[in-house]
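Just start31.txt here, compact mmCIF, C-alpha atoms and all ligand atoms:
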# COMPACT_ATOMS: atom_id res chain seq x y z
CA MET G 150 0.00 0.00 0.00
CA LYS G 151 1.00 3.61 -0.36
CA PRO G 152 0.77 6.17 2.46
CA ALA G 153 -2.04 8.71 2.64
CA PRO G 154 -1.01 12.16 1.33
CA PHE G 155 1.21 14.14 3.72
CA ASP G 156 3.30 17.31 3.76
CA TYR G 157 7.05 17.18 4.28
CA CYS G 158 9.67 19.59 5.53
CA ALA G 159 13.38 19.30 6.28
CA PRO G 160 14.41 21.97 8.81
CA ALA G 161 18.06 22.92 9.32
CA THR G 162 18.01 23.63 13.07
CA VAL G 163 16.43 22.19 16.22
CA ALA G 164 14.45 25.42 16.67
CA GLU G 165 13.02 25.16 13.17
CA ALA G 166 12.17 21.49 13.72
CA ILE G 167 10.27 22.34 16.93
CA GLU G 168 8.44 25.15 15.19
CA ALA G 169 7.46 22.82 12.35
CA LEU G 170 6.29 20.12 14.79
CA GLY G 171 4.12 22.70 16.56
CA SER G 172 2.59 23.97 13.33
CA ASP G 173 0.47 20.88 12.71
CA GLU G 174 -1.44 18.70 15.21
CA SER G 175 -0.64 15.55 13.24
CA SER G 176 3.05 16.22 12.67
CA ARG G 177 5.66 13.54 13.31
CA VAL G 178 9.45 13.41 13.43
CA LEU G 179 11.03 11.41 10.61
CA ALA G 180 14.47 10.00 11.48
CA GLY G 181 15.61 6.83 9.69
CA GLY G 182 12.05 5.96 8.66
CA GLN G 183 12.59 2.24 9.30
CA SER G 184 9.62 1.99 11.67
CA LEU G 185 7.61 5.05 10.69
CA ILE G 186 7.43 4.59 6.92
CA PRO G 187 6.12 0.99 7.09
CA THR G 188 3.36 2.08 9.51
CA MET G 189 2.45 4.91 7.13
CA ASN G 190 2.45 2.55 4.17
CA PHE G 191 0.10 0.23 6.05
CA ARG G 192 -1.98 3.31 6.96
CA LEU G 193 -1.67 2.49 10.65
CA THR G 194 -0.86 6.11 11.50
CA ASP G 195 -2.52 9.31 10.44
CA ILE G 196 0.18 11.90 9.77
CA SER G 197 -0.27 15.13 7.86
CA LEU G 198 3.27 16.58 8.24
CA LEU G 199 6.58 14.75 8.35
CA VAL G 200 9.42 16.74 9.91
CA ASP G 201 12.60 15.16 8.56
CA ILE G 202 15.44 15.81 11.03
CA GLY G 203 18.11 14.38 8.72
CA ASN G 204 19.45 17.84 7.83
CA VAL G 205 19.36 19.34 11.32
CA ALA G 206 22.83 20.54 12.20
CA GLY G 207 24.66 19.22 15.25
CA LEU G 208 22.61 16.07 15.93
CA ASP G 209 24.95 13.46 14.49
CA ALA G 210 27.44 13.18 17.37
CA ILE G 211 28.72 9.95 18.87
CA ASP G 212 30.85 10.95 21.87
CA ALA G 213 32.34 8.35 24.15
CA ASP G 214 34.12 9.08 27.40
CA ASP G 215 34.55 7.59 30.88
CA SER G 216 31.00 8.48 31.85
CA GLY G 217 29.28 6.90 28.85
CA VAL G 218 28.28 7.44 25.24
CA ARG G 219 26.27 10.37 23.93
CA VAL G 220 24.42 9.60 20.71
CA GLY G 221 22.77 12.40 18.74
CA ALA G 222 19.38 12.05 17.10
CA THR G 223 20.63 11.50 13.56
CA ALA G 224 23.46 9.07 14.36
CA THR G 225 22.58 5.81 12.62
CA GLN G 226 22.61 2.43 14.29
CA SER G 227 25.41 1.26 11.94
CA ARG G 228 27.66 4.20 12.82
CA VAL G 229 27.25 3.50 16.53
CA LEU G 230 27.72 -0.25 16.04
CA ASN G 231 31.04 0.40 14.28
CA ASP G 232 32.32 3.00 16.75
CA ASP G 233 35.15 1.36 18.71
CA ALA G 234 35.28 4.01 21.44
CA ALA G 235 31.54 3.62 22.03
CA ALA G 236 31.93 -0.16 22.26
CA VAL G 237 34.63 0.23 24.92
CA ALA G 238 32.66 2.73 27.04
CA VAL G 239 29.31 0.93 26.73
CA PRO G 240 29.90 -2.63 25.45
CA GLY G 241 26.15 -3.27 25.44
CA LEU G 242 25.72 -0.87 22.50
CA ARG G 243 27.56 -3.11 20.05
CA ALA G 244 26.04 -6.24 21.59
CA ALA G 245 22.48 -4.86 21.37
CA LEU G 246 22.80 -3.34 17.90
CA ALA G 247 24.05 -6.63 16.46
CA HIS G 248 20.53 -7.97 17.13
CA VAL G 249 18.68 -5.02 15.55
CA GLY G 250 17.13 -5.93 12.19
CA HIS G 251 19.54 -6.25 9.30
CA LEU G 252 22.38 -4.17 7.87
CA ALA G 253 20.13 -2.17 5.52
CA ILE G 254 17.86 -1.22 8.44
CA ARG G 255 20.76 -0.26 10.69
CA ASN G 256 22.27 1.86 7.90
CA ARG G 257 19.18 4.11 7.93
CA GLY G 258 17.68 3.57 11.37
CA THR G 259 18.85 5.79 14.21
CA VAL G 260 19.59 4.93 17.83
CA CYS G 261 17.39 7.78 19.06
CA GLY G 262 14.61 6.70 16.68
CA SER G 263 14.54 3.31 18.35
CA ILE G 264 14.60 4.95 21.79
CA ALA G 265 11.66 7.22 20.83
CA HIS G 266 9.68 4.53 19.00
CA ALA G 267 9.51 2.46 22.23
CA ASP G 268 8.81 -0.92 20.70
CA PRO G 269 8.54 -3.25 23.73
CA ALA G 270 10.57 -5.90 21.88
CA ALA G 271 13.40 -3.52 20.92
CA GLU G 272 16.90 -3.94 22.32
CA LEU G 273 17.99 -0.31 22.73
CA PRO G 274 15.27 0.82 25.16
CA ALA G 275 16.21 -2.13 27.42
CA LEU G 276 19.88 -1.18 27.16
CA ALA G 277 18.94 2.41 28.01
CA VAL G 278 17.17 1.24 31.19
CA ALA G 279 20.04 -1.12 32.09
CA THR G 280 22.69 1.60 31.75
CA ASP G 281 20.71 4.38 33.48
CA ALA G 282 20.60 6.32 30.21
CA VAL G 283 19.38 9.90 30.14
CA ILE G 284 17.29 11.17 27.24
CA THR G 285 17.49 14.82 26.23
CA ILE G 286 14.28 16.28 24.87
CA ALA G 287 13.83 19.64 23.16
CA GLY G 288 10.43 21.27 22.87
CA PRO G 289 8.63 24.60 22.70
CA ASP G 290 9.36 25.21 26.42
CA GLY G 291 13.08 24.46 26.21
CA THR G 292 15.16 21.39 26.95
CA ARG G 293 14.60 18.72 29.60
CA ARG G 294 16.24 15.46 30.55
CA VAL G 295 14.41 12.27 31.44
CA ASP G 296 15.89 9.08 32.92
CA ALA G 297 15.25 6.05 30.75
CA ALA G 298 13.55 4.38 33.75
CA ASP G 299 10.88 7.12 33.63
CA PHE G 300 10.73 7.48 29.85
CA TYR G 301 8.84 4.30 28.93
CA LEU G 302 5.15 4.47 29.79
CA GLY G 303 3.70 1.69 27.63
CA PRO G 304 3.99 0.05 24.22
CA PHE G 305 5.04 2.76 21.73
CA TRP G 306 4.30 5.32 24.44
CA THR G 307 6.90 7.52 26.12
CA ALA G 308 7.26 10.67 28.20
CA LEU G 309 7.62 12.64 24.94
CA ALA G 310 4.87 15.24 24.56
CA ASP G 311 3.44 16.42 21.25
CA GLY G 312 5.83 18.77 19.50
CA GLU G 313 8.91 17.47 21.32
CA LEU G 314 12.03 15.97 19.86
CA VAL G 315 14.69 13.65 21.31
CA THR G 316 17.98 15.39 20.57
CA GLU G 317 20.29 12.84 22.18
CA VAL G 318 20.55 9.87 24.48
CA ARG G 319 23.43 9.31 26.89
CA PHE G 320 24.06 5.69 27.83
CA GLY G 321 25.88 5.29 31.16
CA ALA G 322 29.34 3.70 31.10
CA SER G 323 29.81 0.20 32.38
CA ARG G 324 31.85 -0.15 35.56
CA ALA G 325 35.43 -1.33 35.03
CA GLY G 326 35.53 -5.12 35.02
CA SER G 327 31.80 -5.58 34.45
CA VAL G 328 30.56 -7.86 31.67
CA THR G 329 27.53 -7.09 29.53
CA VAL G 330 25.44 -9.78 27.86
CA VAL G 331 22.63 -9.11 25.38
CA ASP G 332 20.72 -12.26 24.49
CA GLU G 333 17.41 -12.89 22.79
CA ILE G 334 15.25 -15.50 21.15
CA SER G 335 13.59 -14.65 17.85
CA ARG G 336 12.09 -16.77 15.10
CA ARG G 337 14.75 -15.74 12.55
CA ALA G 338 17.93 -13.70 12.90
CA GLY G 339 16.99 -10.01 12.62
CA ASP G 340 13.38 -10.50 13.72
CA PHE G 341 12.12 -8.74 16.80
CA ALA G 342 12.74 -10.68 20.03
CA LEU G 343 10.10 -13.00 21.47
CA ALA G 344 12.00 -12.50 24.71
CA GLY G 345 15.31 -10.79 25.38
CA LEU G 346 17.72 -9.91 28.16
CA VAL G 347 20.26 -7.17 28.82
CA ALA G 348 22.48 -8.20 31.73
CA ILE G 349 25.41 -6.33 33.25
CA PHE G 350 27.38 -8.45 35.70
CA ASP G 351 29.92 -7.44 38.32
CA THR G 352 31.90 -10.49 39.34
CA ASP G 353 34.36 -11.17 42.12
CA SER G 354 36.52 -14.29 42.64
CA GLY G 355 34.29 -16.58 40.63
CA SER G 356 30.92 -15.37 41.86
CA VAL G 357 28.47 -12.65 40.84
CA ARG G 358 28.70 -9.68 43.19
CA SER G 359 25.72 -7.93 41.60
CA ALA G 360 23.91 -7.70 38.30
CA ARG G 361 21.60 -5.33 36.49
CA LEU G 362 19.03 -7.42 34.63
CA VAL G 363 16.46 -5.99 32.19
CA GLY G 364 14.04 -8.08 30.16
CA PHE G 365 12.45 -7.01 26.88
CA GLY G 366 9.80 -8.45 24.59
CA ILE G 367 7.96 -9.80 27.63
CA GLY G 368 5.77 -6.88 28.60
CA SER G 369 4.74 -3.39 27.63
CA VAL G 370 8.04 -1.72 28.59
CA PRO G 371 11.62 -2.86 29.39
CA LYS G 372 11.45 -4.55 32.78
CA ARG G 373 14.02 -4.62 35.61
CA LEU G 374 14.16 -8.17 36.97
CA ALA G 375 14.31 -7.19 40.63
CA ALA G 376 13.80 -10.65 42.14
CA ALA G 377 16.47 -12.17 39.90
CA GLU G 378 18.85 -9.30 40.69
CA ALA G 379 18.42 -10.10 44.41
CA ALA G 380 18.75 -13.86 43.88
CA ILE G 381 21.92 -13.57 41.82
CA SER G 382 24.00 -11.76 44.42
CA GLY G 383 26.77 -14.13 45.52
CA TRP G 384 25.89 -16.65 42.81
CA ALA G 385 28.76 -18.96 41.80
CA ALA G 386 29.31 -21.02 38.65
CA ASP G 387 28.89 -24.33 40.46
CA HIS G 388 25.77 -23.03 42.16
CA PRO G 389 22.84 -25.41 41.63
CA ASP G 390 20.69 -22.55 40.29
CA GLY G 391 19.83 -21.37 43.82
CA GLY G 392 16.37 -20.16 42.93
CA LEU G 393 17.60 -17.82 40.19
CA PHE G 394 15.39 -19.43 37.54
CA ASP G 395 12.32 -19.18 39.79
CA ALA G 396 13.12 -15.57 40.68
CA ALA G 397 13.28 -14.63 36.99
CA ILE G 398 9.99 -16.47 36.39
CA GLU G 399 8.48 -14.36 39.18
CA ASP G 400 9.82 -11.17 37.55
CA ALA G 401 8.26 -12.14 34.23
CA ALA G 402 4.81 -12.85 35.68
CA GLY G 403 2.15 -11.61 33.30
CA ALA G 404 4.46 -11.85 30.29
CA LEU G 405 2.86 -10.96 26.99
CA ASP G 406 0.69 -13.75 25.53
CA ASP G 407 0.08 -13.21 21.80
CA ILE G 408 0.10 -14.91 18.39
CA HIS G 409 3.93 -14.98 18.40
CA ALA G 410 4.45 -16.79 21.71
CA SER G 411 2.64 -17.67 24.91
CA GLY G 412 3.33 -15.85 28.15
CA ARG G 413 4.56 -19.11 29.66
CA TYR G 414 7.06 -19.60 26.83
CA ARG G 415 8.37 -16.05 27.22
CA ARG G 416 8.74 -16.41 31.00
CA GLU G 417 10.64 -19.67 30.78
CA VAL G 418 12.90 -18.53 27.94
CA LEU G 419 13.77 -15.35 29.81
CA ALA G 420 14.53 -17.22 33.03
CA ALA G 421 16.70 -19.70 31.12
CA MET G 422 18.57 -16.79 29.50
CA VAL G 423 19.29 -15.25 32.91
CA VAL G 424 20.77 -18.51 34.25
CA ARG G 425 22.71 -19.14 31.01
CA ALA G 426 24.14 -15.61 30.94
CA ALA G 427 25.33 -15.90 34.56
CA ARG G 428 26.93 -19.30 33.94
CA ASP G 429 28.63 -18.08 30.72
CA VAL G 430 30.03 -14.99 32.41
CA LEU G 431 31.40 -16.95 35.35
CA ALA G 432 32.99 -19.44 32.95
CA GLN G 433 35.20 -16.64 31.61
CA PRO G 434 38.71 -16.63 33.12
CA GLU G 435 38.50 -12.88 33.97
CA SER G 436 35.70 -13.50 36.45
CA ARG G 437 37.86 -15.75 38.64
C1 LIG W 1 12.41 -5.61 8.87
C2 LIG W 1 12.71 -4.78 10.11
C3 LIG W 1 13.26 -5.40 11.20
C4 LIG W 1 13.55 -4.66 12.35
N1 LIG W 1 14.08 -5.31 13.42
C5 LIG W 1 14.32 -4.62 14.56
C6 LIG W 1 14.85 -5.27 15.71
O1 LIG W 1 15.15 -6.45 15.70
N2 LIG W 1 15.03 -4.52 16.82
C7 LIG W 1 14.72 -3.19 16.87
O2 LIG W 1 14.90 -2.56 17.89
N3 LIG W 1 14.24 -2.55 15.79
C8 LIG W 1 14.02 -3.21 14.65
N4 LIG W 1 13.51 -2.56 13.56
C9 LIG W 1 13.20 -1.11 13.69
C10 LIG W 1 14.44 -0.25 13.41
O3 LIG W 1 15.44 -0.46 14.39
C11 LIG W 1 14.11 1.25 13.39
O4 LIG W 1 15.22 1.84 12.80
C12 LIG W 1 13.87 1.94 14.72
O5 LIG W 1 12.81 1.31 15.43
C13 LIG W 1 13.41 3.39 14.54
O6 LIG W 1 14.46 4.19 14.13
P1 LIG W 1 14.30 5.17 12.90
O7 LIG W 1 15.44 6.11 12.95
O8 LIG W 1 14.15 4.35 11.68
O9 LIG W 1 12.97 5.97 13.27
P2 LIG W 1 11.71 6.36 12.40
O10 LIG W 1 11.13 5.16 11.73
O11 LIG W 1 11.99 7.53 11.55
O12 LIG W 1 10.73 6.84 13.59
C14 LIG W 1 10.13 5.90 14.47
C15 LIG W 1 9.25 6.66 15.46
O13 LIG W 1 10.05 7.38 16.37
C16 LIG W 1 9.82 8.78 16.25
N5 LIG W 1 11.13 9.44 16.32
C17 LIG W 1 12.25 9.08 15.63
N6 LIG W 1 13.28 9.86 15.98
C18 LIG W 1 12.79 10.73 16.90
C19 LIG W 1 13.38 11.78 17.65
N7 LIG W 1 14.68 12.10 17.53
N8 LIG W 1 12.59 12.48 18.51
C20 LIG W 1 11.28 12.17 18.65
N9 LIG W 1 10.67 11.18 17.98
C21 LIG W 1 11.43 10.47 17.12
C22 LIG W 1 9.12 8.98 14.92
O14 LIG W 1 8.30 10.13 14.92
C23 LIG W 1 8.33 7.69 14.82
O15 LIG W 1 7.15 7.78 15.57
C24 LIG W 1 13.25 -3.26 12.39
C25 LIG W 1 12.71 -2.63 11.28
C26 LIG W 1 12.43 -3.37 10.14
C27 LIG W 1 11.83 -2.66 8.96

Can I see the file as structure tokens?
Amino acid sequence: MKPAPFDYCAPATVAEAIEALGSDESSRVLAGGQSLIPTMNFRLTDISLLVDIGNVAGLDAIDADDSGVRVGATATQSRVLNDDAAAVAVPGLRAALAHVGHLAIRNRGTVCGSIAHADPAAELPALAVATDAVITIAGPDGTRRVDAADFYLGPFWTALADGELVTEVRFGASRAGSVTVVDEISRRAGDFALAGLVAIFDTDSGSVRSARLVGFGIGSVPKRLAAAEAAISGWAADHPDGGLFDAAIEDAAGALDDIHASGRYRREVLAAMVVRAARDVLAQPESR
């Protein structure tokens, strides 16, 4: 199908983009178009003005330092995936992006577009929650910053108000010595996850000191696995599970039940991924 008729503009500055977004009630930001254009082609969204931010100056930065990685709104997923400094500061970026769609999608799709789109099965929102990312939003009333933990309100629903624009996201740096694992189960490589996990482990002498665990594809927003995080503290490789599987099952209670997979399947796959990730990390010589 073809999209319904719409107007298009390509502003050169953030101020112009915000003005354009405010000029039409049914305006929408166009970034890489990899999620938006298909929904327009299927006529699932009613948009009368597309504000293409591709030409907006100053939004293409990828800056990595000791505190994390700042990614501007027009930086593509491929550019971030291939940025060595970003992979050192936040290893989860490369690990997560390797699961996102296919090369052609990552060449056009943006990191901030995925953050703003808020697909519950997407990898980057979960990474944002796991790394305490901060999202910078520009709008008619100025600029504000929102923690990723407060940004996701529901499926495809965020703290963004009409007329606002994500200008950058800053992913928090991993602690020295921590290990990040991004794992997921999907029907085919490149498909959205049926269930996925972002895990950041701190290990000490062959056991897990602490871990940040975030599930995706199981509910309406990325979910911290609080019970599993508590159960994993002090966990060792030869540990006979120690309730970790059951704790993750508890965290995933109410997992999405749809035509792609049952809630029970999602819960059990997620719990198995948590146990597998912990065992794999502790099997690495650096963790001993
Ligand atoms: C076949 C296929 C497979 C895919 N597989 C995966 C996958 O496995 N995992 C995954 O995470 N994604 C997947 N995607 C989606 C892809 O990663 C998109 O690139 C991403 O979801 C959106 O980024 P974009 O730059 O293309 O945004 P767009 O499509 O341009 O925009 C998406 C939405 O976000 C809004 N938006 C975009 N940028 C901003 C901004 N700066 N400020 C405010 N709002 C903004 C738009 O208005 C729109 O509502 C897949 C897509 C396809 C077509």

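Once G:Gly288 and its same-chain neighbours fewer than 6 positions away are set aside, Val163, Ala164, Ala166, Ile167, Glu168, Leu170, Gly171, Leu309, Ala310, Asp311, Gly312, Glu313, Leu314, Val315 and Thr316 of chain G remain within 10 Å of it when counting only C-alpha atoms.
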
Pick out the residues no farther than 8 Å from ligand LIG 1 (chain W), counting all atoms listed in the file, and list them as JSON, numbers by chain. {"G": [177, 178, 179, 180, 181, 182, 183, 184, 185, 186, 187, 202, 222, 223, 225, 226, 246, 248, 249, 250, 251, 254, 255, 257, 258, 259, 260, 261, 262, 263, 264, 265, 266, 267, 268, 270, 271, 272, 273, 286, 309, 313, 314, 315, 316, 317, 339, 340, 341, 342]}

Quick one: everything within 8 Å of stretch 322-338 of chain G, counting all atoms listed in the file, minus sequence neighbours fewer than 4 positions away in the same chain. Send it as JSON, numbers by chain. {"G": [215, 216, 217, 218, 238, 239, 240, 241, 244, 245, 248, 250, 280, 342, 343, 344, 345, 346, 347, 348, 349, 350, 351, 352, 418, 422, 426, 430]}

Would you work out the distance separating atom CA of G:Thr188 from atom CA of G:Leu230, expressed in Å to one decimal? 25.3 Å

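Here the question is which of G:Leu242, G:Ala236, G:Ala427, G:Ile196 gets nearest to G:Ala380 using only C-alpha atoms, and that residue is G:Ala427.
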
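One distance worth recording is that between atom CA of G:Met189 and atom CA of G:Cys158, which is 16.4 Å.
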
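Closest approach to G:Leu208 from the set G:Ile398, G:Ala161, G:Ala432, G:Val424 is made by G:Ala161, with distances taken over only C-alpha atoms.
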
What are the centre and the three edge lengths of an axis-aligned box that wraps all atoms of stretch 235-254 of chain G in the file, given that 3 Å is added to every side, written as AutoDock Vina command-line options and rounded to one decimal in Å?
--center_x 25.9 --center_y -2.2 --center_z 16.3 --size_x 23.5 --size_y 17.6 --size_z 27.5

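Distance-wise, atom CA of G:Ala420 and atom CA of G:Ala404 end up 11.7 Å apart.
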
Leaving out G:Ala275 and any residue of its chain fewer than 6 positions from it, which residues lie within 7 Å of it when counting all atoms listed in the file, given as a PyMOL selection string? chain G and resi 347+363-365+371

Pick out the closest residue to G:Gly383 from this set: G:Ala287, G:Val357, G:Ala396, G:Ala421. Count all atoms listed in the file. G:Val357

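Minimum distance to G:Arg361 across G:Leu276, G:Glu399, G:Arg294, G:Pro304 (counting only C-alpha atoms) occurs at G:Leu276.
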
How would you write as an MDAnalysis selection string the residues that get within 7 Å of (17.1, 13.9, 28.1) in the file's frame, counting all atoms listed in the file? chainID G and resid 283:286 293:296 317:318

Next, dump the selected residues to file, keeping only C-alpha atoms, as a PDB file, in the coordinates of the input.
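Generated output (out-v4.pdb):
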ATOM      1  CA  VAL G 283      19.380   9.900  30.140  1.00  0.00           C
ATOM      2  CA  ILE G 284      17.290  11.170  27.240  1.00  0.00           C
ATOM      3  CA  THR G 285      17.490  14.820  26.230  1.00  0.00           C
ATOM      4  CA  ILE G 286      14.280  16.280  24.870  1.00  0.00           C
ATOM      5  CA  ARG G 293      14.600  18.720  29.600  1.00  0.00           C
ATOM      6  CA  ARG G 294      16.240  15.460  30.550  1.00  0.00           C
ATOM      7  CA  VAL G 295      14.410  12.270  31.440  1.00  0.00           C
ATOM      8  CA  ASP G 296      15.890   9.080  32.920  1.00  0.00           C
ATOM      9  CA  GLU G 317      20.290  12.840  22.180  1.00  0.00           C
ATOM     10  CA  VAL G 318      20.550   9.870  24.480  1.00  0.00           C
TER      11      VAL G 318
END
